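*Asks:* You'll find work01.cif just under this line, and it carries mmCIF, C-alpha atoms (C1' of nucleotides).
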data_run
#
loop_
_atom_site.label_atom_id
_atom_site.label_comp_id
_atom_site.auth_asym_id
_atom_site.auth_seq_id
_atom_site.Cartn_x
_atom_site.Cartn_y
_atom_site.Cartn_z
CA MET A 1 -51.94 35.54 54.29
CA LYS A 2 -49.66 32.50 54.25
CA LEU A 3 -48.57 31.21 57.69
CA ALA A 4 -46.12 28.34 58.11
CA THR A 5 -44.39 26.23 60.75
CA PHE A 6 -40.99 24.58 60.28
CA ASN A 7 -38.93 22.67 62.84
CA ILE A 8 -35.51 23.40 61.36
CA ASN A 9 -33.41 21.35 63.84
CA GLY A 10 -30.64 23.92 64.20
CA ILE A 11 -30.45 27.34 62.55
CA LYS A 12 -26.76 26.99 61.70
CA ALA A 13 -27.26 23.61 60.07
CA ARG A 14 -30.07 25.03 57.93
CA ALA A 15 -28.14 28.09 56.67
CA GLU A 16 -28.78 27.03 53.08
CA ALA A 17 -31.98 24.97 53.20
CA LEU A 18 -34.06 27.54 55.14
CA PRO A 19 -33.44 30.55 52.85
CA ALA A 20 -33.97 28.30 49.82
CA TRP A 21 -37.36 27.20 51.16
CA LEU A 22 -38.34 30.78 52.07
CA ALA A 23 -37.56 31.95 48.54
CA GLN A 24 -39.64 29.19 46.99
CA ALA A 25 -42.58 29.08 49.44
CA ALA A 26 -42.69 32.82 50.24
CA PRO A 27 -44.67 32.60 53.49
CA ASP A 28 -45.72 35.90 55.05
CA VAL A 29 -45.06 34.46 58.50
CA VAL A 30 -43.12 31.38 59.59
CA CYS A 31 -42.76 29.97 63.08
CA LEU A 32 -39.46 28.16 63.57
CA GLN A 33 -38.70 25.52 66.20
CA GLU A 34 -35.45 24.05 67.48
CA ILE A 35 -33.34 27.00 66.45
CA LYS A 36 -30.80 25.64 68.98
CA SER A 37 -29.31 29.09 69.34
CA VAL A 38 -29.18 31.96 71.76
CA ASP A 39 -30.83 35.18 70.54
CA GLU A 40 -27.48 36.94 70.01
CA ALA A 41 -26.19 34.16 67.73
CA PHE A 42 -29.28 33.97 65.51
CA PRO A 43 -28.32 35.17 61.99
CA ARG A 44 -31.13 37.73 61.88
CA GLY A 45 -29.48 39.79 59.14
CA ASP A 46 -29.75 36.89 56.69
CA PHE A 47 -33.54 36.98 57.04
CA GLU A 48 -33.94 40.74 57.28
CA ALA A 49 -32.20 40.85 53.89
CA LEU A 50 -35.05 38.65 52.59
CA GLY A 51 -37.66 41.08 53.91
CA TYR A 52 -38.49 39.40 57.22
CA ARG A 53 -38.79 40.89 60.65
CA VAL A 54 -37.15 38.54 63.17
CA GLU A 55 -38.30 37.77 66.73
CA THR A 56 -36.46 35.05 68.60
CA HIS A 57 -36.80 33.24 71.92
CA GLY A 58 -33.65 31.19 72.09
CA GLN A 59 -31.57 29.25 74.57
CA LYS A 60 -28.17 27.60 74.49
CA GLY A 61 -27.90 24.27 72.76
CA PHE A 62 -31.49 23.07 72.76
CA ASN A 63 -35.03 24.13 71.90
CA GLY A 64 -35.56 27.76 70.89
CA VAL A 65 -38.34 29.25 68.76
CA ALA A 66 -38.65 32.23 66.44
CA ILE A 67 -41.10 34.12 64.26
CA LEU A 68 -40.10 35.53 60.88
CA SER A 69 -42.67 37.92 59.37
CA LYS A 70 -42.90 40.08 56.27
CA LEU A 71 -45.79 41.91 57.96
CA PRO A 72 -45.50 44.16 61.03
CA LEU A 73 -45.68 42.43 64.42
CA SER A 74 -46.93 43.76 67.73
CA ASP A 75 -47.48 42.42 71.26
CA VAL A 76 -44.57 39.97 71.01
CA ARG A 77 -44.55 37.63 74.02
CA ARG A 78 -41.92 35.06 74.94
CA GLY A 79 -42.51 31.98 77.07
CA LEU A 80 -45.62 29.97 77.85
CA PRO A 81 -47.40 31.42 80.91
CA GLY A 82 -48.10 29.36 84.00
CA ASP A 83 -44.71 28.38 85.43
CA ASP A 84 -42.13 31.03 86.25
CA ALA A 85 -39.55 28.31 86.97
CA ASP A 86 -39.75 26.91 83.41
CA GLU A 87 -36.58 27.99 81.59
CA GLN A 88 -37.12 26.08 78.36
CA ALA A 89 -37.64 28.29 75.29
CA ARG A 90 -40.65 26.69 73.62
CA TRP A 91 -43.27 29.40 73.04
CA ILE A 92 -43.40 32.75 71.26
CA GLU A 93 -46.45 34.69 70.11
CA ALA A 94 -47.14 37.95 68.32
CA VAL A 95 -49.97 39.76 66.57
CA VAL A 96 -49.53 40.05 62.81
CA ASP A 97 -50.78 43.49 61.88
CA ALA A 98 -52.51 42.73 58.61
CA GLY A 99 -55.94 43.98 57.46
CA ARG A 100 -57.62 41.71 59.99
CA PRO A 101 -55.00 41.03 62.67
CA VAL A 102 -54.07 37.43 63.49
CA ARG A 103 -52.29 36.35 66.64
CA VAL A 104 -49.65 33.77 65.80
CA CYS A 105 -48.46 31.39 68.53
CA GLY A 106 -45.33 29.41 67.67
CA LEU A 107 -44.70 26.38 69.86
CA TYR A 108 -42.28 23.53 70.40
CA LEU A 109 -44.12 21.10 72.64
CA PRO A 110 -41.92 18.84 74.80
CA ASN A 111 -41.08 15.42 73.38
CA GLY A 112 -41.77 13.70 76.70
CA ASN A 113 -39.70 10.54 76.28
CA PRO A 114 -39.02 8.39 78.13
CA ALA A 115 -42.52 7.81 79.44
CA PRO A 116 -43.41 7.43 82.18
CA GLY A 117 -41.00 9.73 84.00
CA PRO A 118 -40.26 13.36 84.78
CA LYS A 119 -39.93 14.32 81.11
CA TYR A 120 -43.39 12.95 80.41
CA ASP A 121 -44.79 14.73 83.47
CA TYR A 122 -43.30 17.97 82.09
CA LYS A 123 -44.92 17.36 78.70
CA LEU A 124 -48.39 16.85 80.17
CA ALA A 125 -48.01 19.85 82.51
CA TRP A 126 -46.87 21.98 79.55
CA MET A 127 -49.98 20.88 77.59
CA THR A 128 -52.19 21.86 80.53
CA ARG A 129 -50.55 25.31 80.55
CA MET A 130 -51.03 25.61 76.80
CA GLU A 131 -54.69 24.71 77.16
CA ALA A 132 -55.06 27.52 79.71
CA ARG A 133 -53.50 30.02 77.28
CA VAL A 134 -55.78 28.76 74.49
CA ARG A 135 -58.81 29.23 76.75
CA GLU A 136 -57.75 32.84 77.43
CA LEU A 137 -57.34 33.55 73.73
CA LEU A 138 -60.67 31.92 72.88
CA ALA A 139 -62.38 34.05 75.52
CA GLY A 140 -60.95 37.14 73.79
CA GLU A 141 -62.49 36.05 70.45
CA GLU A 142 -59.31 36.98 68.60
CA HIS A 143 -58.36 35.45 65.29
CA PHE A 144 -55.42 33.23 66.27
CA VAL A 145 -53.39 30.28 65.03
CA CYS A 146 -51.16 27.97 67.09
CA LEU A 147 -48.48 26.51 64.82
CA GLY A 148 -45.59 24.29 65.66
CA ASP A 149 -44.08 20.96 66.52
CA TYR A 150 -46.64 19.46 68.90
CA ASN A 151 -44.78 16.16 69.35
CA VAL A 152 -48.20 14.48 69.29
CA ILE A 153 -49.43 11.91 66.77
CA PRO A 154 -53.17 12.62 66.99
CA GLN A 155 -54.47 9.28 65.66
CA GLY A 156 -53.24 5.96 64.29
CA VAL A 157 -53.81 7.20 60.74
CA ASP A 158 -51.13 9.82 61.38
CA ALA A 159 -48.32 7.24 61.53
CA ALA A 160 -47.04 4.83 58.90
CA LYS A 161 -46.50 2.24 61.65
CA PRO A 162 -48.77 3.16 64.56
CA GLU A 163 -47.96 -0.10 66.36
CA ALA A 164 -44.34 1.07 66.71
CA TRP A 165 -45.45 4.11 68.75
CA VAL A 166 -47.84 2.65 71.31
CA THR A 167 -45.48 3.14 74.27
CA ASP A 168 -43.97 6.40 72.97
CA ALA A 169 -44.73 9.78 74.56
CA LEU A 170 -45.84 11.09 71.15
CA PHE A 171 -48.69 8.58 70.92
CA LEU A 172 -49.64 7.65 74.50
CA PRO A 173 -53.35 8.09 75.23
CA ALA A 174 -52.73 10.94 77.70
CA SER A 175 -50.80 12.92 75.04
CA ARG A 176 -53.54 12.39 72.46
CA GLU A 177 -56.23 13.25 75.01
CA ALA A 178 -54.54 16.56 75.86
CA PHE A 179 -54.27 17.39 72.15
CA ARG A 180 -57.92 16.43 71.61
CA ARG A 181 -59.03 18.61 74.53
CA MET A 182 -57.66 21.64 72.72
CA ALA A 183 -59.39 20.59 69.52
CA ASN A 184 -62.62 20.13 71.42
CA LEU A 185 -62.36 23.63 72.84
CA GLY A 186 -62.85 24.78 69.27
CA LEU A 187 -59.44 24.70 67.59
CA THR A 188 -59.35 23.26 64.07
CA ASP A 189 -56.49 20.94 63.03
CA ALA A 190 -56.15 22.48 59.56
CA VAL A 191 -54.20 19.62 57.96
CA GLY A 192 -56.25 16.94 59.73
CA VAL A 193 -59.46 18.46 58.33
CA ARG A 194 -58.30 19.45 54.84
CA MET A 195 -55.84 16.63 54.12
CA PRO A 196 -57.21 13.50 55.79
CA GLY A 197 -54.70 10.62 55.89
CA PRO A 198 -53.42 8.00 55.69
CA GLY A 199 -49.99 8.85 54.33
CA VAL A 200 -49.86 12.51 55.42
CA TYR A 201 -46.67 13.02 57.44
CA THR A 202 -44.45 15.92 58.57
CA PHE A 203 -41.50 14.09 60.19
CA TRP A 204 -39.25 11.26 59.11
CA ASP A 205 -36.47 10.13 61.46
CA TYR A 206 -32.88 10.39 60.26
CA GLN A 207 -32.35 6.81 61.38
CA ALA A 208 -33.05 3.44 59.77
CA GLY A 209 -33.94 4.88 56.36
CA ALA A 210 -37.25 6.29 57.58
CA TRP A 211 -37.50 8.77 54.69
CA GLU A 212 -36.66 6.20 52.01
CA ARG A 213 -39.26 3.84 53.49
CA ASN A 214 -41.81 6.66 53.99
CA ASN A 215 -41.94 5.66 57.65
CA GLY A 216 -43.28 9.03 58.77
CA ILE A 217 -45.51 10.59 61.41
CA ARG A 218 -47.68 13.72 61.49
CA ILE A 219 -46.63 15.79 64.52
CA ASP A 220 -46.37 19.37 63.17
CA HIS A 221 -49.78 20.99 63.35
CA VAL A 222 -51.59 24.21 62.57
CA MET A 223 -54.48 24.71 64.99
CA CYS A 224 -56.88 27.53 64.06
CA SER A 225 -59.24 29.48 66.30
CA PRO A 226 -62.89 29.43 65.13
CA GLN A 227 -62.46 32.87 63.55
CA ALA A 228 -59.24 31.86 61.79
CA ALA A 229 -60.77 28.56 60.65
CA ASP A 230 -63.55 30.50 58.94
CA ARG A 231 -60.81 32.16 56.87
CA LEU A 232 -59.00 28.91 55.98
CA GLU A 233 -58.38 28.94 52.25
CA ASP A 234 -55.71 26.31 51.66
CA VAL A 235 -53.25 24.05 53.52
CA GLY A 236 -50.12 22.24 52.47
CA ILE A 237 -47.07 20.21 53.49
CA ASP A 238 -43.82 20.92 51.65
CA LYS A 239 -42.72 17.29 51.64
CA ALA A 240 -40.04 17.88 49.01
CA ALA A 241 -37.96 19.71 51.63
CA ARG A 242 -37.17 16.36 53.27
CA GLY A 243 -35.51 15.12 50.08
CA GLY A 244 -33.25 18.15 49.59
CA GLU A 245 -29.64 18.77 50.53
CA LYS A 246 -28.90 18.60 54.27
CA PRO A 247 -32.57 18.52 55.28
CA SER A 248 -34.22 18.93 58.66
CA ASP A 249 -36.02 15.81 59.86
CA HIS A 250 -39.27 17.85 59.77
CA VAL A 251 -40.86 19.58 56.76
CA PRO A 252 -42.80 22.88 56.58
CA VAL A 253 -46.57 22.91 57.08
CA TRP A 254 -48.57 25.96 55.96
CA VAL A 255 -52.03 27.47 55.76
CA ARG A 256 -53.41 30.31 53.70
CA LEU A 257 -56.05 32.51 55.33
CA VAL A 258 -58.28 34.80 53.29
CA ALA A 259 -57.38 38.44 53.82
"C1'" DA B 1 -33.43 -9.29 65.61
"C1'" DT B 2 -33.51 -4.15 67.84
"C1'" DG B 3 -29.58 -1.65 64.40
"C1'" DG B 4 -29.41 3.26 62.89
"C1'" DT B 5 -28.47 9.39 62.13
"C1'" DC B 6 -28.31 13.94 63.06
"C1'" DG B 7 -27.14 18.77 65.71
"C1'" DG B 8 -24.73 21.32 69.02
"C1'" DT B 9 -21.47 21.30 72.32
"C1'" DC B 10 -22.64 19.33 77.12
"C1'" DT B 11 -16.33 14.69 73.83
"C1'" DC B 12 -22.42 13.02 75.54
"C1'" DC B 13 -27.30 14.29 75.48
"C1'" DG B 14 -31.60 15.11 73.15
"C1'" DA B 15 -34.36 13.72 69.44
#
Take the structure in this file and express it as structure tokens.
*Replies:*
Amino acid sequence: MKLATFNINGIKARAEALPAWLAQAAPDVVCLQEIKSVDEAFPRGDFEALGYRVETHGQKGFNGVAILSKLPLSDVRRGLPGDDADEQARWIEAVVDAGRPVRVCGLYLPNGNPAPGPKYDYKLAWMTRMEARVRELLAGEEHFVCLGDYNVIPQGVDAAKPEAWVTDALFLPASREAFRRMANLGLTDAVGVRMPGPGVYTFWDYQAGAWERNNGIRIDHVMCSPQAADRLEDVGIDKAARGGEKPSDHVPVWVRLVA
DNA sequence: ATGGTCGGTCTCCGA
């Protein structure tokens, strides 16, 4: 089973690049972030025509996540538990009904800049809520995978120029500590383990020729539960997507789990 | 030295 994450930075803007990548990469399941669309405006028919079921959790203008799946889905849940007042669409999960079911959690973790400030407070609080959800899922001993744009650079090796990020919310010690806490609960950073850096990135800014200079960072992650990690067969980053026509600033990251 | 580029609408803000 091939599971992927892709921050597309706008579903309308990726009307050509996303189907092209789907046709070439053929993931069974892909978690999308920053669809920047309400549910009613998501072009679900375009993806149903390619054989995907479509579950969205959108909002107007910003954020928004979705799951596309060739396999049946059940227990679809929208929104990260733990704060009923949180209106930002950043979390969607569902169980993929394959031979051995896998719960897929798609997430768009808050950026948190500028830090310090209320946006950074929201990021850290969101990570605490995510940790609580991860603890629940671990207690259930399900096979699960949390894929998405974490907006966290785990270590210096995960940035071309780590010194440029020292005061940024993506690399501040508290952000990295919260990420590490989830790893230390027993989640495996699939790319971090199977493709140790340096030089392994998933995001290149549109500005200042970051792509041409390979000034990238690794912030899109696939975190596997112990049971899912035991099934980890292969991982990859589809870096070529960044060099295509009208690209997102992120590229797809994927894992293959044994059936 | 401190620019610059996207996306979606909010003709500015978020990244």
*Asks:* Contacts of segment 169-180 of chain A at 7 Å or less, counting all atoms listed in the file, minus same-chain residues fewer than 3 places along, as number ranges by chain?
*Replies:* A: 111-115, 120, 124, 127, 151-154, 165-166, 183-184
*Asks:* Please, could you write that set of residues out with C-alpha atoms as a PDB file, in the coordinates of the input?
*Replies:*
ATOM      1  CA  ASN A 111     -41.080  15.420  73.380  1.00  0.00           C
ATOM      2  CA  GLY A 112     -41.770  13.700  76.700  1.00  0.00           C
ATOM      3  CA  ASN A 113     -39.700  10.540  76.280  1.00  0.00           C
ATOM      4  CA  PRO A 114     -39.020   8.390  78.130  1.00  0.00           C
ATOM      5  CA  ALA A 115     -42.520   7.810  79.440  1.00  0.00           C
ATOM      6  CA  TYR A 120     -43.390  12.950  80.410  1.00  0.00           C
ATOM      7  CA  LEU A 124     -48.390  16.850  80.170  1.00  0.00           C
ATOM      8  CA  MET A 127     -49.980  20.880  77.590  1.00  0.00           C
ATOM      9  CA  ASN A 151     -44.780  16.160  69.350  1.00  0.00           C
ATOM     10  CA  VAL A 152     -48.200  14.480  69.290  1.00  0.00           C
ATOM     11  CA  ILE A 153     -49.430  11.910  66.770  1.00  0.00           C
ATOM     12  CA  PRO A 154     -53.170  12.620  66.990  1.00  0.00           C
ATOM     13  CA  TRP A 165     -45.450   4.110  68.750  1.00  0.00           C
ATOM     14  CA  VAL A 166     -47.840   2.650  71.310  1.00  0.00           C
ATOM     15  CA  ALA A 183     -59.390  20.590  69.520  1.00  0.00           C
ATOM     16  CA  ASN A 184     -62.620  20.130  71.420  1.00  0.00           C
TER      17      ASN A 184
END
*Asks:* Hey, could you make a per-residue contact list for chain A against chain B with 6 Å as the cut-off, showing the nearest pair of atoms and its distance in Å to one decimal, counting only C-alpha atoms (C1' of nucleotides), sorted by chain and number, as JSON lines?
*Replies:*
{"residue": "A:Gly61", "atom": "CA", "partner": "B:DG8", "partner_atom": "C1'", "distance": 5.7}
{"residue": "A:Tyr206", "atom": "CA", "partner": "B:DT5", "partner_atom": "C1'", "distance": 4.9}
{"residue": "A:Gln207", "atom": "CA", "partner": "B:DT5", "partner_atom": "C1'", "distance": 4.7}
{"residue": "A:Ala208", "atom": "CA", "partner": "B:DG4", "partner_atom": "C1'", "distance": 4.8}
*Asks:* Name the residues captured by the PyMOL selection byres ((chain A and resi 62) around 10) when it is applied to the shown file; answer as a short mmCIF file (atom, residue, chain, number, x, y, z; two decimals) with C-alpha atoms (C1' of nucleotides), in the coordinates of the input.
*Replies:*
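Dumped to selection.cif:
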data_model
loop_
_atom_site.label_atom_id
_atom_site.label_comp_id
_atom_site.auth_asym_id
_atom_site.auth_seq_id
_atom_site.Cartn_x
_atom_site.Cartn_y
_atom_site.Cartn_z
CA ASN A 9 -33.41 21.35 63.84
CA GLY A 10 -30.64 23.92 64.20
CA GLU A 34 -35.45 24.05 67.48
CA ILE A 35 -33.34 27.00 66.45
CA LYS A 36 -30.80 25.64 68.98
CA SER A 37 -29.31 29.09 69.34
CA VAL A 38 -29.18 31.96 71.76
CA GLY A 58 -33.65 31.19 72.09
CA GLN A 59 -31.57 29.25 74.57
CA LYS A 60 -28.17 27.60 74.49
CA GLY A 61 -27.90 24.27 72.76
CA ASN A 63 -35.03 24.13 71.90
CA GLY A 64 -35.56 27.76 70.89
CA GLN A 88 -37.12 26.08 78.36
CA ALA A 89 -37.64 28.29 75.29
CA ARG A 90 -40.65 26.69 73.62
"C1'" DG B 7 -27.14 18.77 65.71
"C1'" DG B 8 -24.73 21.32 69.02
"C1'" DG B 14 -31.60 15.11 73.15
#
*Asks:* Can you list, as JSON, numbers by chain, every protein, DNA or RNA residue that comes within 10 Å of Pro198 of chain A when you count all atoms listed in the file, leaving out same-chain residues fewer than 3 positions away?
*Replies:* {"A": [156, 157, 158, 159, 160, 195, 201, 218]}
*Asks:* What does the structure give for the distance between atom CA of His57 of chain A and atom CA of Cys224 of chain A, in Å to one decimal?
*Replies:* 22.3 Å
*Asks:* Can you work out the spacing between atom CA of Ala4 of chain A and atom CA of Gln24 of chain A in Å, to one decimal?
*Replies:*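 So the two atoms, atom CA of Ala4 of chain A and atom CA of Gln24 of chain A, lie 12.9 Å apart.
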*Asks:* Looking at only C-alpha atoms, which of A:Val145, A:Ile237, A:Ala132, A:Ala139 is the one that sits closest to Pro101 of chain A?
*Replies:*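 Looking only at the distances to Pro101 of chain A, the closest residue turns out to be A:Val145.
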*Asks:* How many Å lie between atom CA of Leu68 of chain A and atom CA of Tyr52 of chain A, rounded to one decimal?
*Replies:* 5.6 Å
*Asks:* Can you give me, as a VMD selection string, the residues this file yields under the PyMOL selection byres ((chain A and resi 3) around 10)?
*Replies:* chain A and resid 1 to 2 4 to 5 26 to 31 69 104 145 147 222 235 253 to 257
*Asks:* Enumerate, as a short mmCIF file (atom, residue, chain, number, x, y, z; two decimals) with C-alpha atoms, in the coordinates of the input, the protein, DNA and RNA residues whose atoms approach (-56.2, 34.5, 67.5) to within 9 Å, taking into account only C-alpha atoms (C1' of nucleotides) and the coordinate frame of the file.
*Replies:*
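Saved file result.cif follows:
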data_model
loop_
_atom_site.label_atom_id
_atom_site.label_comp_id
_atom_site.auth_asym_id
_atom_site.auth_seq_id
_atom_site.Cartn_x
_atom_site.Cartn_y
_atom_site.Cartn_z
CA VAL A 95 -49.97 39.76 66.57
CA PRO A 101 -55.00 41.03 62.67
CA VAL A 102 -54.07 37.43 63.49
CA ARG A 103 -52.29 36.35 66.64
CA VAL A 104 -49.65 33.77 65.80
CA CYS A 105 -48.46 31.39 68.53
CA LEU A 137 -57.34 33.55 73.73
CA LEU A 138 -60.67 31.92 72.88
CA GLY A 140 -60.95 37.14 73.79
CA GLU A 141 -62.49 36.05 70.45
CA GLU A 142 -59.31 36.98 68.60
CA HIS A 143 -58.36 35.45 65.29
CA PHE A 144 -55.42 33.23 66.27
CA VAL A 145 -53.39 30.28 65.03
CA CYS A 146 -51.16 27.97 67.09
CA CYS A 224 -56.88 27.53 64.06
CA SER A 225 -59.24 29.48 66.30
CA PRO A 226 -62.89 29.43 65.13
CA GLN A 227 -62.46 32.87 63.55
CA ALA A 228 -59.24 31.86 61.79
#
*Asks:* Need to verify the contact set: Trp211 of chain A, 10 Å, only C-alpha atoms (C1' of nucleotides), exclusion of same-chain residues closer than 5 positions in sequence. Can you return it as a list in words?
*Replies:* Phe203, Trp204, Asp205, Tyr206, Gly216, Arg242, Gly243 and Asp249 of chain A
